[in-house]
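Everything on this sheet refers to the single structure shown next.
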There are 2 protein chains.
Amino acid sequence: MHGQTQIIDFQRLKTACSSCSLQDLCMPRGLTADELCQLEALVDEHRRIKRGERLYATGSPFEALYTVRLGSLKTSVLFEDGREQVTGFHMLGELIGLDGISTDTHNCSAYALEDSEVCLLPFSRLEEFARTIPAMQHHVHRLLSTEIVREQHNMLMLGTMRAEEKLASFLLDLSDRYLKRGYSASEFVLRMTREEIGSFLGLKLETVSRLFSRFQEAGLIIAQQKYIKLLDPTGLRQLIGPPD
Amino acid sequence: MHGQTQIIDFQRLKTACSSCSLQDLCMPRGLTADELCQLEALVDEHRRIKRGERLYATGSPFEALYTVRLGSLKTSVLFEDGREQVTGFHMLGELIGLDGISTDTHNCSAYALEDSEVCLLPFSRLEEFARTIPAMQHHVHRLLSTEIVREQHNMLMLGTMRAEEKLASFLLDLSDRYLKRGYSASEFVLRMTREEIGSFLGLKLETVSRLFSRFQEAGLIIAQQKYIKLLDPTGLRQLIGPPD
DNA sequence: GGTTGGTATTGAGCTAAGTCAAGAATCTTC
DNA sequence: GAAGATTCTTGACTTAGCTCAATACCAACC
């Protein structure tokens, strides 16, 4: 079993960053061939995570960042009394684990929403690399800062939006991200449950479910369980705004 | 007027990082004297902001980070339709502006809550510095990551807490931060309005006001407008948890 | 291929927090 | 130090979203 994993990992190593279709998503543009080569040496492993399995847990030692290579994950923070807040859903090319740098310990947990695969970037090596290549250094700073901005948007969403607006912007955001990855922007299959969507949006699962139904009645979407089709993205966009 | 400002700034420059009481708060431990000296060269200016004035605006070009040297600030993100979400209140020694790295443009705005003063750290120079001193590089990464973790906590708060819990943890957090700065943990004057607290917590100002009154009736605090005294921090802490 | 357990939908009723509004306290400024 | 402008408090009422509960759907796995 372990032996087989080794073999698979070794094969995957050959399809490294330079030939990876997600290169643009997770790595900076404008690296020289030589620099790209060094970058490849950085990614020392791929890891497979089965649906529902955990990639890392809150409190576990931080060693590496991960980029989603296949599938999708969620990250969530836990409160002492068991309450959970999903802090993000992550798809192809997206980077996770940045919160671990702070204390050398992961500050959230990451779970696979479906069978997934991630690239592993040992952070100390990334730091070394960044020291020698300014473009890479700046890229790391940008990645961290972009995560801060993303979370600020989530705070805006959680703090100021009504349920309807939250779900509409959630769907539009997903749609956008699928589009950027070459998938259909109007038709997709959700990888997360109503409860996870609810947790992310600060709503209860029943509310999420009811809203899906309401959006469907209004002719904005088709929602059959996890299957979603956006019929009227403009209409969805118009939902976001002052109640009026 | 401008001349005078120049003189004052020049005087302040002399009380640079090496003799600044906030050194531990905003800069990494374990720099050599020489490194500290280089660090000082980095901070090229102090800036005074009067109460209510803006330090930087969303969309303005990002050039520098700022550390609070005196007073306090708030940062907030704005939604197209005018809704505002306060993303943080920042006091002595705290660093702001990290969200600007992402797009070379500020992604939130910063306003002084009282007459304040900040140290200005030009980011490109900080990057240069970080390239030569690994401890500094790691410190920058940590700062960014810590901001991510802070925002994750805010998301947890916004998404999962009841009004009562939000305000209790807000007060306890403030108390903590005052304590770390050598002020009283149990008695302080709020620098922000009920509306700003509400925006930060995802509540309306009336709700905040009512909660202050309720906490006071319950003997947990004394709240006379901006003056706050925590009578029973343990009681406040017990408010946070499942409704029971 | 039927059983089981997780997931989703929908309804009825409740409640925490919001809205609107009026008045009090405090700060600002001339 | 009086007038005006903010900010804060409190009350009465409304409502969006929650809770509880029952049923339906779907996927996984003997």
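In the structure tokens, the first chain shown is A, the next is B, and so on; residue numbers restart at 1 for each chain, and ligands run from 1 in the order shown.
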
key: Contact residues around Lys229 in chain A with only C-alpha atoms (C1' of nucleotides) at 7 Å, ignoring same-chain residues under 3 positions, as a ChimeraX atom specification   = /A:186-188,221-223

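Near chain D, the residues of chain A that fall inside 9 Å (using only C-alpha atoms (C1' of nucleotides)) are Arg162, Ala163, Leu203, Lys204, Glu206, Thr207 and Gln225 of chain A.
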
Take the residues from that selection and put them in a file with all heavy atoms, as a PDB file, in the first residue's frame.
ATOM      1  N   ARG A 162     -27.719  40.458   3.619  1.00  0.00           N
ATOM      2  CA  ARG A 162     -28.858  39.618   3.939  1.00  0.00           C
ATOM      3  C   ARG A 162     -28.643  38.239   3.313  1.00  0.00           C
ATOM      4  O   ARG A 162     -27.823  38.082   2.403  1.00  0.00           O
ATOM      5  CB  ARG A 162     -30.145  40.230   3.394  1.00  0.00           C
ATOM      6  CG  ARG A 162     -30.615  41.448   4.166  1.00  0.00           C
ATOM      7  CD  ARG A 162     -31.671  42.226   3.417  1.00  0.00           C
ATOM      8  NE  ARG A 162     -31.153  42.709   2.138  1.00  0.00           N
ATOM      9  CZ  ARG A 162     -31.593  42.343   0.949  1.00  0.00           C
ATOM     10  NH1 ARG A 162     -32.596  41.469   0.842  1.00  0.00           N
ATOM     11  NH2 ARG A 162     -31.053  42.838  -0.140  1.00  0.00           N
ATOM     12  N   ALA A 163     -29.412  37.272   3.814  1.00  0.00           N
ATOM     13  CA  ALA A 163     -29.237  35.880   3.388  1.00  0.00           C
ATOM     14  C   ALA A 163     -29.243  35.738   1.870  1.00  0.00           C
ATOM     15  O   ALA A 163     -28.372  35.103   1.268  1.00  0.00           O
ATOM     16  CB  ALA A 163     -30.335  35.022   4.002  1.00  0.00           C
ATOM     17  N   LEU A 203     -25.198  31.224   7.780  1.00  0.00           N
ATOM     18  CA  LEU A 203     -26.618  30.902   7.726  1.00  0.00           C
ATOM     19  C   LEU A 203     -26.826  29.455   8.158  1.00  0.00           C
ATOM     20  O   LEU A 203     -25.880  28.677   8.209  1.00  0.00           O
ATOM     21  CB  LEU A 203     -27.146  31.057   6.285  1.00  0.00           C
ATOM     22  CG  LEU A 203     -26.993  32.414   5.609  1.00  0.00           C
ATOM     23  CD1 LEU A 203     -27.374  32.319   4.138  1.00  0.00           C
ATOM     24  CD2 LEU A 203     -27.863  33.453   6.312  1.00  0.00           C
ATOM     25  N   LYS A 204     -28.069  29.078   8.434  1.00  0.00           N
ATOM     26  CA  LYS A 204     -28.381  27.687   8.733  1.00  0.00           C
ATOM     27  C   LYS A 204     -28.698  26.951   7.449  1.00  0.00           C
ATOM     28  O   LYS A 204     -29.169  27.559   6.484  1.00  0.00           O
ATOM     29  CB  LYS A 204     -29.569  27.611   9.691  1.00  0.00           C
ATOM     30  CG  LYS A 204     -29.281  28.184  11.057  1.00  0.00           C
ATOM     31  CD  LYS A 204     -28.326  27.299  11.833  1.00  0.00           C
ATOM     32  CE  LYS A 204     -27.549  28.088  12.852  1.00  0.00           C
ATOM     33  NZ  LYS A 204     -26.545  27.294  13.574  1.00  0.00           N
ATOM     34  N   GLU A 206     -31.078  25.084   6.583  1.00  0.00           N
ATOM     35  CA  GLU A 206     -32.469  25.206   6.128  1.00  0.00           C
ATOM     36  C   GLU A 206     -32.676  26.495   5.332  1.00  0.00           C
ATOM     37  O   GLU A 206     -33.384  26.513   4.331  1.00  0.00           O
ATOM     38  CB  GLU A 206     -33.435  25.195   7.319  1.00  0.00           C
ATOM     39  CG  GLU A 206     -33.499  23.894   8.090  1.00  0.00           C
ATOM     40  CD  GLU A 206     -32.584  23.917   9.303  1.00  0.00           C
ATOM     41  OE1 GLU A 206     -31.511  24.558   9.222  1.00  0.00           O
ATOM     42  OE2 GLU A 206     -32.940  23.290  10.314  1.00  0.00           O
ATOM     43  N   THR A 207     -32.030  27.551   5.798  1.00  0.00           N
ATOM     44  CA  THR A 207     -32.134  28.836   5.104  1.00  0.00           C
ATOM     45  C   THR A 207     -31.532  28.735   3.708  1.00  0.00           C
ATOM     46  O   THR A 207     -32.116  29.227   2.731  1.00  0.00           O
ATOM     47  CB  THR A 207     -31.427  29.944   5.907  1.00  0.00           C
ATOM     48  OG1 THR A 207     -31.956  29.957   7.231  1.00  0.00           O
ATOM     49  CG2 THR A 207     -31.611  31.298   5.269  1.00  0.00           C
ATOM     50  N   GLN A 225     -30.605  19.399  -5.919  1.00  0.00           N
ATOM     51  CA  GLN A 225     -29.584  18.958  -4.973  1.00  0.00           C
ATOM     52  C   GLN A 225     -28.279  19.681  -5.276  1.00  0.00           C
ATOM     53  O   GLN A 225     -28.267  20.902  -5.266  1.00  0.00           O
ATOM     54  CB  GLN A 225     -29.387  17.442  -5.042  1.00  0.00           C
ATOM     55  CG  GLN A 225     -30.661  16.649  -5.101  1.00  0.00           C
ATOM     56  CD  GLN A 225     -31.249  16.414  -3.731  1.00  0.00           C
ATOM     57  OE1 GLN A 225     -32.403  16.737  -3.488  1.00  0.00           O
ATOM     58  NE2 GLN A 225     -30.455  15.877  -2.840  1.00  0.00           N
TER      59      GLN A 225
END

query = Counting only C-alpha atoms (C1' of nucleotides), which residues of chain C come no farther than 8 Å from chain A, as a ChimeraX atom specification?
reply = /C:7-9

How about saving the chosen residues, N, CA, C and O atoms (P, O5', C5', C4', C3', O3' and C1' of nucleotides) kept, as an mmCIF file, in the first residue's frame?
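And here is the file that came out, out.cif:
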data_model
loop_
_atom_site.group_PDB
_atom_site.id
_atom_site.type_symbol
_atom_site.label_atom_id
_atom_site.label_comp_id
_atom_site.auth_asym_id
_atom_site.auth_seq_id
_atom_site.Cartn_x
_atom_site.Cartn_y
_atom_site.Cartn_z
ATOM 1 P P DT C 7 -23.531 14.267 5.012
ATOM 2 O "O5'" DT C 7 -24.762 14.787 4.173
ATOM 3 C "C5'" DT C 7 -24.843 14.435 2.802
ATOM 4 C "C4'" DT C 7 -26.178 14.892 2.274
ATOM 5 C "C3'" DT C 7 -26.481 16.378 2.502
ATOM 6 O "O3'" DT C 7 -26.483 16.980 1.215
ATOM 7 C "C1'" DT C 7 -28.372 15.004 2.914
ATOM 8 P P DA C 8 -26.846 18.494 1.010
ATOM 9 O "O5'" DA C 8 -28.428 18.435 0.818
ATOM 10 C "C5'" DA C 8 -28.962 17.742 -0.288
ATOM 11 C "C4'" DA C 8 -30.449 17.933 -0.327
ATOM 12 C "C3'" DA C 8 -30.920 19.385 -0.211
ATOM 13 O "O3'" DA C 8 -31.722 19.645 -1.357
ATOM 14 C "C1'" DA C 8 -32.094 17.986 1.311
ATOM 15 P P DT C 9 -32.380 21.072 -1.564
ATOM 16 O "O5'" DT C 9 -33.823 20.869 -0.941
ATOM 17 C "C5'" DT C 9 -34.730 20.001 -1.622
ATOM 18 C "C4'" DT C 9 -36.020 19.926 -0.858
ATOM 19 C "C3'" DT C 9 -36.768 21.252 -0.711
ATOM 20 O "O3'" DT C 9 -38.010 21.091 -1.370
ATOM 21 C "C1'" DT C 9 -36.714 20.041 1.336
#

Would you list the contacts of Gln85 in chain B as an mmCIF file with all heavy atoms, in the first residue's frame, taking every protein, DNA or RNA residue within 9 Å and counting only C-alpha atoms (C1' of nucleotides), but skipping same-chain residues closer than 4 positions in sequence?
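out.cif, written as the output of this step:
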data_model
loop_
_atom_site.group_PDB
_atom_site.id
_atom_site.type_symbol
_atom_site.label_atom_id
_atom_site.label_comp_id
_atom_site.auth_asym_id
_atom_site.auth_seq_id
_atom_site.Cartn_x
_atom_site.Cartn_y
_atom_site.Cartn_z
ATOM 1 N N GLN A 152 -11.263 39.860 3.866
ATOM 2 C CA GLN A 152 -11.974 41.118 4.128
ATOM 3 C C GLN A 152 -13.311 41.135 3.400
ATOM 4 O O GLN A 152 -14.316 41.607 3.934
ATOM 5 C CB GLN A 152 -11.120 42.311 3.688
ATOM 6 C CG GLN A 152 -10.025 42.654 4.688
ATOM 7 C CD GLN A 152 -9.143 43.782 4.216
ATOM 8 O OE1 GLN A 152 -9.277 44.263 3.089
ATOM 9 N NE2 GLN A 152 -8.232 44.205 5.063
ATOM 10 N N MET A 155 -15.666 39.077 5.291
ATOM 11 C CA MET A 155 -16.153 39.793 6.469
ATOM 12 C C MET A 155 -17.257 40.770 6.080
ATOM 13 O O MET A 155 -18.268 40.877 6.773
ATOM 14 C CB MET A 155 -15.000 40.538 7.148
ATOM 15 C CG MET A 155 -14.060 39.626 7.898
ATOM 16 S SD MET A 155 -12.575 40.457 8.478
ATOM 17 C CE MET A 155 -13.255 41.675 9.580
ATOM 18 N N LEU A 156 -17.048 41.468 4.970
ATOM 19 C CA LEU A 156 -18.071 42.378 4.459
ATOM 20 C C LEU A 156 -19.361 41.608 4.202
ATOM 21 O O LEU A 156 -20.450 42.024 4.579
ATOM 22 C CB LEU A 156 -17.576 43.026 3.163
ATOM 23 C CG LEU A 156 -18.500 44.008 2.470
ATOM 24 C CD1 LEU A 156 -18.666 45.273 3.277
ATOM 25 C CD2 LEU A 156 -18.018 44.356 1.070
ATOM 26 N N MET A 157 -19.208 40.449 3.576
ATOM 27 C CA MET A 157 -20.353 39.609 3.263
ATOM 28 C C MET A 157 -21.056 39.168 4.548
ATOM 29 O O MET A 157 -22.260 39.355 4.707
ATOM 30 C CB MET A 157 -19.846 38.406 2.454
ATOM 31 C CG MET A 157 -20.876 37.409 2.025
ATOM 32 S SD MET A 157 -21.174 36.139 3.261
ATOM 33 C CE MET A 157 -19.680 35.172 3.149
ATOM 34 N N GLY A 159 -20.891 40.394 7.547
ATOM 35 C CA GLY A 159 -21.331 41.452 8.439
ATOM 36 C C GLY A 159 -22.451 42.310 7.898
ATOM 37 O O GLY A 159 -23.239 42.848 8.666
ATOM 38 N N THR A 160 -22.559 42.430 6.596
ATOM 39 C CA THR A 160 -23.508 43.413 6.064
ATOM 40 C C THR A 160 -24.591 42.861 5.146
ATOM 41 O O THR A 160 -25.544 43.566 4.844
ATOM 42 C CB THR A 160 -22.777 44.537 5.283
ATOM 43 O OG1 THR A 160 -22.305 44.020 4.042
ATOM 44 C CG2 THR A 160 -21.594 45.086 6.054
ATOM 45 N N THR B 75 -9.895 50.500 10.183
ATOM 46 C CA THR B 75 -9.857 50.216 8.753
ATOM 47 C C THR B 75 -11.226 49.688 8.363
ATOM 48 O O THR B 75 -11.872 48.981 9.134
ATOM 49 C CB THR B 75 -8.807 49.153 8.402
ATOM 50 O OG1 THR B 75 -8.887 48.081 9.347
ATOM 51 C CG2 THR B 75 -7.416 49.728 8.427
ATOM 52 N N SER B 76 -11.663 50.021 7.156
ATOM 53 C CA SER B 76 -12.960 49.527 6.731
ATOM 54 C C SER B 76 -13.016 49.324 5.230
ATOM 55 O O SER B 76 -12.327 50.004 4.472
ATOM 56 C CB SER B 76 -14.066 50.489 7.159
ATOM 57 O OG SER B 76 -13.858 51.752 6.595
ATOM 58 N N VAL B 77 -13.800 48.354 4.832
ATOM 59 C CA VAL B 77 -14.028 48.139 3.408
ATOM 60 C C VAL B 77 -15.415 48.641 3.057
ATOM 61 O O VAL B 77 -16.344 48.581 3.857
ATOM 62 C CB VAL B 77 -13.896 46.642 3.009
ATOM 63 C CG1 VAL B 77 -12.444 46.228 3.009
ATOM 64 C CG2 VAL B 77 -14.698 45.737 3.917
ATOM 65 N N LEU B 78 -15.537 49.138 1.842
ATOM 66 C CA LEU B 78 -16.784 49.742 1.397
ATOM 67 C C LEU B 78 -17.395 48.907 0.293
ATOM 68 O O LEU B 78 -16.699 48.362 -0.554
ATOM 69 C CB LEU B 78 -16.517 51.153 0.873
ATOM 70 C CG LEU B 78 -17.495 52.203 1.350
ATOM 71 C CD1 LEU B 78 -17.194 52.566 2.799
ATOM 72 C CD2 LEU B 78 -17.454 53.420 0.468
ATOM 73 N N PHE B 79 -18.714 48.820 0.319
ATOM 74 C CA PHE B 79 -19.429 48.116 -0.717
ATOM 75 C C PHE B 79 -19.963 49.149 -1.691
ATOM 76 O O PHE B 79 -20.190 50.301 -1.329
ATOM 77 C CB PHE B 79 -20.572 47.318 -0.071
ATOM 78 C CG PHE B 79 -21.085 46.226 -0.921
ATOM 79 C CD1 PHE B 79 -20.227 45.230 -1.378
ATOM 80 C CD2 PHE B 79 -22.422 46.173 -1.288
ATOM 81 C CE1 PHE B 79 -20.692 44.204 -2.174
ATOM 82 C CE2 PHE B 79 -22.889 45.145 -2.083
ATOM 83 C CZ PHE B 79 -22.028 44.170 -2.527
ATOM 84 N N GLU B 196 -19.621 52.286 14.858
ATOM 85 C CA GLU B 196 -18.413 51.612 14.377
ATOM 86 C C GLU B 196 -18.242 50.240 15.020
ATOM 87 O O GLU B 196 -17.867 49.271 14.358
ATOM 88 C CB GLU B 196 -17.188 52.508 14.633
ATOM 89 C CG GLU B 196 -17.139 53.701 13.688
ATOM 90 C CD GLU B 196 -16.200 54.808 14.137
ATOM 91 O OE1 GLU B 196 -15.927 54.945 15.365
ATOM 92 O OE2 GLU B 196 -15.760 55.573 13.276
ATOM 93 N N SER B 199 -20.707 48.049 13.244
ATOM 94 C CA SER B 199 -20.242 47.661 11.916
ATOM 95 C C SER B 199 -19.201 46.548 12.013
ATOM 96 O O SER B 199 -19.250 45.568 11.275
ATOM 97 C CB SER B 199 -19.660 48.867 11.182
ATOM 98 O OG SER B 199 -18.959 48.450 10.033
ATOM 99 N N PHE B 200 -18.304 46.706 12.948
ATOM 100 C CA PHE B 200 -17.274 45.679 13.136
ATOM 101 C C PHE B 200 -17.885 44.332 13.506
ATOM 102 O O PHE B 200 -17.454 43.278 13.018
ATOM 103 C CB PHE B 200 -16.293 46.132 14.220
ATOM 104 C CG PHE B 200 -15.193 45.149 14.495
ATOM 105 C CD1 PHE B 200 -14.252 44.853 13.524
ATOM 106 C CD2 PHE B 200 -15.098 44.509 15.727
ATOM 107 C CE1 PHE B 200 -13.222 43.938 13.775
ATOM 108 C CE2 PHE B 200 -14.077 43.597 15.985
ATOM 109 C CZ PHE B 200 -13.142 43.311 15.002
ATOM 110 N N LEU B 201 -18.912 44.366 14.364
ATOM 111 C CA LEU B 201 -19.493 43.125 14.883
ATOM 112 C C LEU B 201 -20.650 42.592 14.038
ATOM 113 O O LEU B 201 -21.200 41.535 14.327
ATOM 114 C CB LEU B 201 -19.981 43.339 16.320
ATOM 115 C CG LEU B 201 -18.942 43.768 17.359
ATOM 116 C CD1 LEU B 201 -19.617 44.003 18.701
ATOM 117 C CD2 LEU B 201 -17.849 42.706 17.492
ATOM 118 N N GLY B 202 -21.030 43.340 13.016
ATOM 119 C CA GLY B 202 -22.188 42.919 12.232
ATOM 120 C C GLY B 202 -23.488 43.116 12.980
ATOM 121 O O GLY B 202 -24.388 42.296 12.922
#

task = Would you mind listing what lies within 7 Å of Arg54 in chain B as a ChimeraX atom specification, with only C-alpha atoms (C1' of nucleotides) counted and same-chain residues fewer than 3 positions away left out?
result = /B:57,110-112

Store the residues picked out above in a file with N, CA and C atoms, as a PDB file, in the first residue's frame.
ATOM      1  N   ALA B  57      -6.959  55.737   1.322  1.00  0.00           N
ATOM      2  CA  ALA B  57      -8.298  55.415   0.835  1.00  0.00           C
ATOM      3  C   ALA B  57      -8.245  54.174  -0.040  1.00  0.00           C
ATOM      4  N   ALA B 110      -8.310  53.652   5.810  1.00  0.00           N
ATOM      5  CA  ALA B 110      -7.924  53.778   7.212  1.00  0.00           C
ATOM      6  C   ALA B 110      -8.209  55.186   7.702  1.00  0.00           C
ATOM      7  N   TYR B 111      -8.884  55.288   8.832  1.00  0.00           N
ATOM      8  CA  TYR B 111      -9.232  56.575   9.424  1.00  0.00           C
ATOM      9  C   TYR B 111      -8.743  56.648  10.860  1.00  0.00           C
ATOM     10  N   ALA B 112      -8.316  57.819  11.267  1.00  0.00           N
ATOM     11  CA  ALA B 112      -7.903  58.013  12.655  1.00  0.00           C
ATOM     12  C   ALA B 112      -9.133  58.157  13.547  1.00  0.00           C
TER      13      ALA B 112
END

May I have a table of the residues of chain B lying at most 8 Å from chain A, giving each one's closest pair of atoms and their distance in Å to one decimal, counting only C-alpha atoms, ordered by chain and ascending residue number, as a Markdown table?
| residue | atom | partner | partner_atom | distance |
| --- | --- | --- | --- | --- |
| B:Val77 | CA | A:Leu156 | CA | 7.1 |
| B:Phe79 | CA | A:Leu156 | CA | 7.8 |
| B:Asp81 | CA | A:Gly241 | CA | 6.4 |
| B:Arg83 | CA | A:Thr160 | CA | 7.1 |
| B:Glu84 | CA | A:Leu156 | CA | 7.6 |
| B:Gln85 | CA | A:Leu156 | CA | 5.3 |
| B:Thr87 | CA | A:Gln152 | CA | 6.8 |
| B:Leu98 | CA | A:Ser145 | CA | 6.1 |
| B:Asp99 | CA | A:Ser145 | CA | 5.1 |
| B:Gly100 | CA | A:Ser145 | CA | 7.1 |
| B:Ile101 | CA | A:Arg142 | CA | 5.7 |
| B:Ser102 | CA | A:Arg142 | CA | 4.6 |
| B:Thr103 | CA | A:Arg142 | CA | 7.7 |
| B:Asn107 | CA | A:Val149 | CA | 6.9 |
| B:Glu127 | CA | A:His138 | CA | 7.7 |
| B:Ala130 | CA | A:Arg131 | CA | 7.8 |
| B:Arg131 | CA | A:Arg131 | CA | 4.9 |
| B:Thr132 | CA | A:Arg131 | CA | 7.4 |
| B:Pro134 | CA | A:Arg131 | CA | 7.8 |
| B:Gln137 | CA | A:Glu127 | CA | 7.9 |
| B:His138 | CA | A:Glu127 | CA | 7.7 |
| B:His141 | CA | A:Ile101 | CA | 6.9 |
| B:Arg142 | CA | A:Ser102 | CA | 4.6 |
| B:Leu143 | CA | A:Ser102 | CA | 7.0 |
| B:Leu144 | CA | A:Leu144 | CA | 6.2 |
| B:Ser145 | CA | A:Ser102 | CA | 4.9 |
| B:Thr146 | CA | A:Ser102 | CA | 4.9 |
| B:Glu147 | CA | A:Ile148 | CA | 7.0 |
| B:Ile148 | CA | A:Ile148 | CA | 5.5 |
| B:Val149 | CA | A:Asp99 | CA | 5.7 |
| B:Glu151 | CA | A:Glu151 | CA | 6.5 |
| B:Gln152 | CA | A:Thr87 | CA | 6.8 |
| B:His153 | CA | A:Val77 | CA | 7.9 |
| B:Asn154 | CA | A:Met155 | CA | 7.3 |
| B:Met155 | CA | A:Met155 | CA | 5.8 |
| B:Leu156 | CA | A:Gln85 | CA | 5.3 |
| B:Leu158 | CA | A:Leu158 | CA | 6.0 |
| B:Gly159 | CA | A:Gly202 | CA | 4.1 |
| B:Thr160 | CA | A:Gly202 | CA | 6.3 |
| B:Ser199 | CA | A:Gly159 | CA | 7.2 |
| B:Phe200 | CA | A:Gly159 | CA | 7.5 |
| B:Leu201 | CA | A:Gly159 | CA | 6.9 |
| B:Gly202 | CA | A:Gly159 | CA | 4.2 |
| B:Leu203 | CA | A:Gly159 | CA | 7.6 |
| B:Gly241 | CA | A:Asp81 | CA | 6.3 |
| B:Pro242 | CA | A:Asp81 | CA | 6.9 |

message = Taking only range 28-94 of chain A into account, list the residues labelled alpha helix (DSSP H) by DSSP (computed from the backbone), as a PyMOL selection string.
response = chain A and resi 33-42

Would you mind exporting the chosen residues as an mmCIF file, in the first residue's frame, restricted to all heavy atoms?
data_model
loop_
_atom_site.group_PDB
_atom_site.id
_atom_site.type_symbol
_atom_site.label_atom_id
_atom_site.label_comp_id
_atom_site.auth_asym_id
_atom_site.auth_seq_id
_atom_site.Cartn_x
_atom_site.Cartn_y
_atom_site.Cartn_z
ATOM 1 N N ALA A 33 13.320 30.426 -17.446
ATOM 2 C CA ALA A 33 13.303 28.965 -17.513
ATOM 3 C C ALA A 33 14.097 28.370 -16.349
ATOM 4 O O ALA A 33 13.696 27.387 -15.726
ATOM 5 C CB ALA A 33 13.878 28.488 -18.841
ATOM 6 N N ASP A 34 15.190 29.027 -16.081
ATOM 7 C CA ASP A 34 16.053 28.554 -15.000
ATOM 8 C C ASP A 34 15.356 28.652 -13.641
ATOM 9 O O ASP A 34 15.385 27.739 -12.826
ATOM 10 C CB ASP A 34 17.345 29.387 -14.994
ATOM 11 C CG ASP A 34 18.350 28.823 -14.018
ATOM 12 O OD1 ASP A 34 18.601 27.598 -14.080
ATOM 13 O OD2 ASP A 34 18.865 29.596 -13.185
ATOM 14 N N GLU A 35 14.691 29.761 -13.438
ATOM 15 C CA GLU A 35 13.982 29.974 -12.185
ATOM 16 C C GLU A 35 12.850 28.970 -12.016
ATOM 17 O O GLU A 35 12.611 28.437 -10.940
ATOM 18 C CB GLU A 35 13.445 31.405 -12.117
ATOM 19 C CG GLU A 35 14.537 32.449 -11.861
ATOM 20 C CD GLU A 35 14.080 33.867 -12.113
ATOM 21 O OE1 GLU A 35 12.986 34.062 -12.681
ATOM 22 O OE2 GLU A 35 14.830 34.789 -11.759
ATOM 23 N N LEU A 36 12.183 28.722 -13.122
ATOM 24 C CA LEU A 36 11.082 27.766 -13.102
ATOM 25 C C LEU A 36 11.592 26.388 -12.721
ATOM 26 O O LEU A 36 10.929 25.628 -12.008
ATOM 27 C CB LEU A 36 10.418 27.710 -14.485
ATOM 28 C CG LEU A 36 8.966 27.236 -14.488
ATOM 29 C CD1 LEU A 36 8.076 28.228 -13.770
ATOM 30 C CD2 LEU A 36 8.474 27.049 -15.913
ATOM 31 N N CYS A 37 12.791 26.103 -13.192
ATOM 32 C CA CYS A 37 13.416 24.823 -12.901
ATOM 33 C C CYS A 37 13.673 24.691 -11.395
ATOM 34 O O CYS A 37 13.377 23.667 -10.783
ATOM 35 C CB CYS A 37 14.714 24.715 -13.688
ATOM 36 S SG CYS A 37 15.430 23.072 -13.658
ATOM 37 N N GLN A 38 14.169 25.768 -10.822
ATOM 38 C CA GLN A 38 14.408 25.777 -9.384
ATOM 39 C C GLN A 38 13.104 25.609 -8.607
ATOM 40 O O GLN A 38 13.044 24.936 -7.592
ATOM 41 C CB GLN A 38 15.035 27.110 -8.962
ATOM 42 C CG GLN A 38 16.511 27.241 -9.285
ATOM 43 C CD GLN A 38 17.047 28.562 -8.757
ATOM 44 O OE1 GLN A 38 17.172 29.521 -9.499
ATOM 45 N NE2 GLN A 38 17.335 28.606 -7.461
ATOM 46 N N LEU A 39 12.074 26.254 -9.139
ATOM 47 C CA LEU A 39 10.758 26.186 -8.511
ATOM 48 C C LEU A 39 10.268 24.752 -8.453
ATOM 49 O O LEU A 39 9.719 24.290 -7.449
ATOM 50 C CB LEU A 39 9.774 27.050 -9.306
ATOM 51 C CG LEU A 39 8.342 27.128 -8.796
ATOM 52 C CD1 LEU A 39 8.317 27.723 -7.403
ATOM 53 C CD2 LEU A 39 7.486 27.968 -9.724
ATOM 54 N N GLU A 40 10.502 24.044 -9.542
ATOM 55 C CA GLU A 40 10.059 22.655 -9.600
ATOM 56 C C GLU A 40 10.696 21.810 -8.516
ATOM 57 O O GLU A 40 10.062 20.943 -7.932
ATOM 58 C CB GLU A 40 10.412 22.051 -10.961
ATOM 59 C CG GLU A 40 9.358 22.324 -11.998
ATOM 60 C CD GLU A 40 9.783 21.806 -13.357
ATOM 61 O OE1 GLU A 40 10.566 20.838 -13.395
ATOM 62 O OE2 GLU A 40 9.328 22.386 -14.337
ATOM 63 N N ALA A 41 11.957 22.092 -8.284
ATOM 64 C CA ALA A 41 12.682 21.350 -7.262
ATOM 65 C C ALA A 41 12.036 21.543 -5.891
ATOM 66 O O ALA A 41 12.207 20.760 -4.976
ATOM 67 C CB ALA A 41 14.135 21.793 -7.234
ATOM 68 N N LEU A 42 11.287 22.641 -5.780
ATOM 69 C CA LEU A 42 10.636 22.980 -4.517
ATOM 70 C C LEU A 42 9.482 22.040 -4.174
ATOM 71 O O LEU A 42 9.281 21.664 -3.016
ATOM 72 C CB LEU A 42 10.058 24.389 -4.651
ATOM 73 C CG LEU A 42 10.399 25.360 -3.566
ATOM 74 C CD1 LEU A 42 11.769 25.932 -3.845
ATOM 75 C CD2 LEU A 42 9.380 26.469 -3.542
#

task = Select from range 37-210 of chain A everything DSSP, run on the backbone, classes as strand (DSSP E), then give the selection as a ChimeraX atom specification.
result = /A:45-49,54-56,64-70,73-78,84-90,95-96,109-112,116-122,187-189

remark   = re CA of Ser109 in chain A and CA of Gln238 in chain B: distance 25.8 Å

key: Residue contacts of Arg47 in chain B (8 Å, only C-alpha atoms (C1' of nucleotides)) excluding same-chain residues fewer than 4 positions away, as an MDAnalysis selection string   = chainID B and resid 9 117:120

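If you measure from each of A:Met192, A:Glu164, A:Leu174, A:Phe212 to Gly52 in chain A using only C-alpha atoms, the closest one turns out to be A:Met192.
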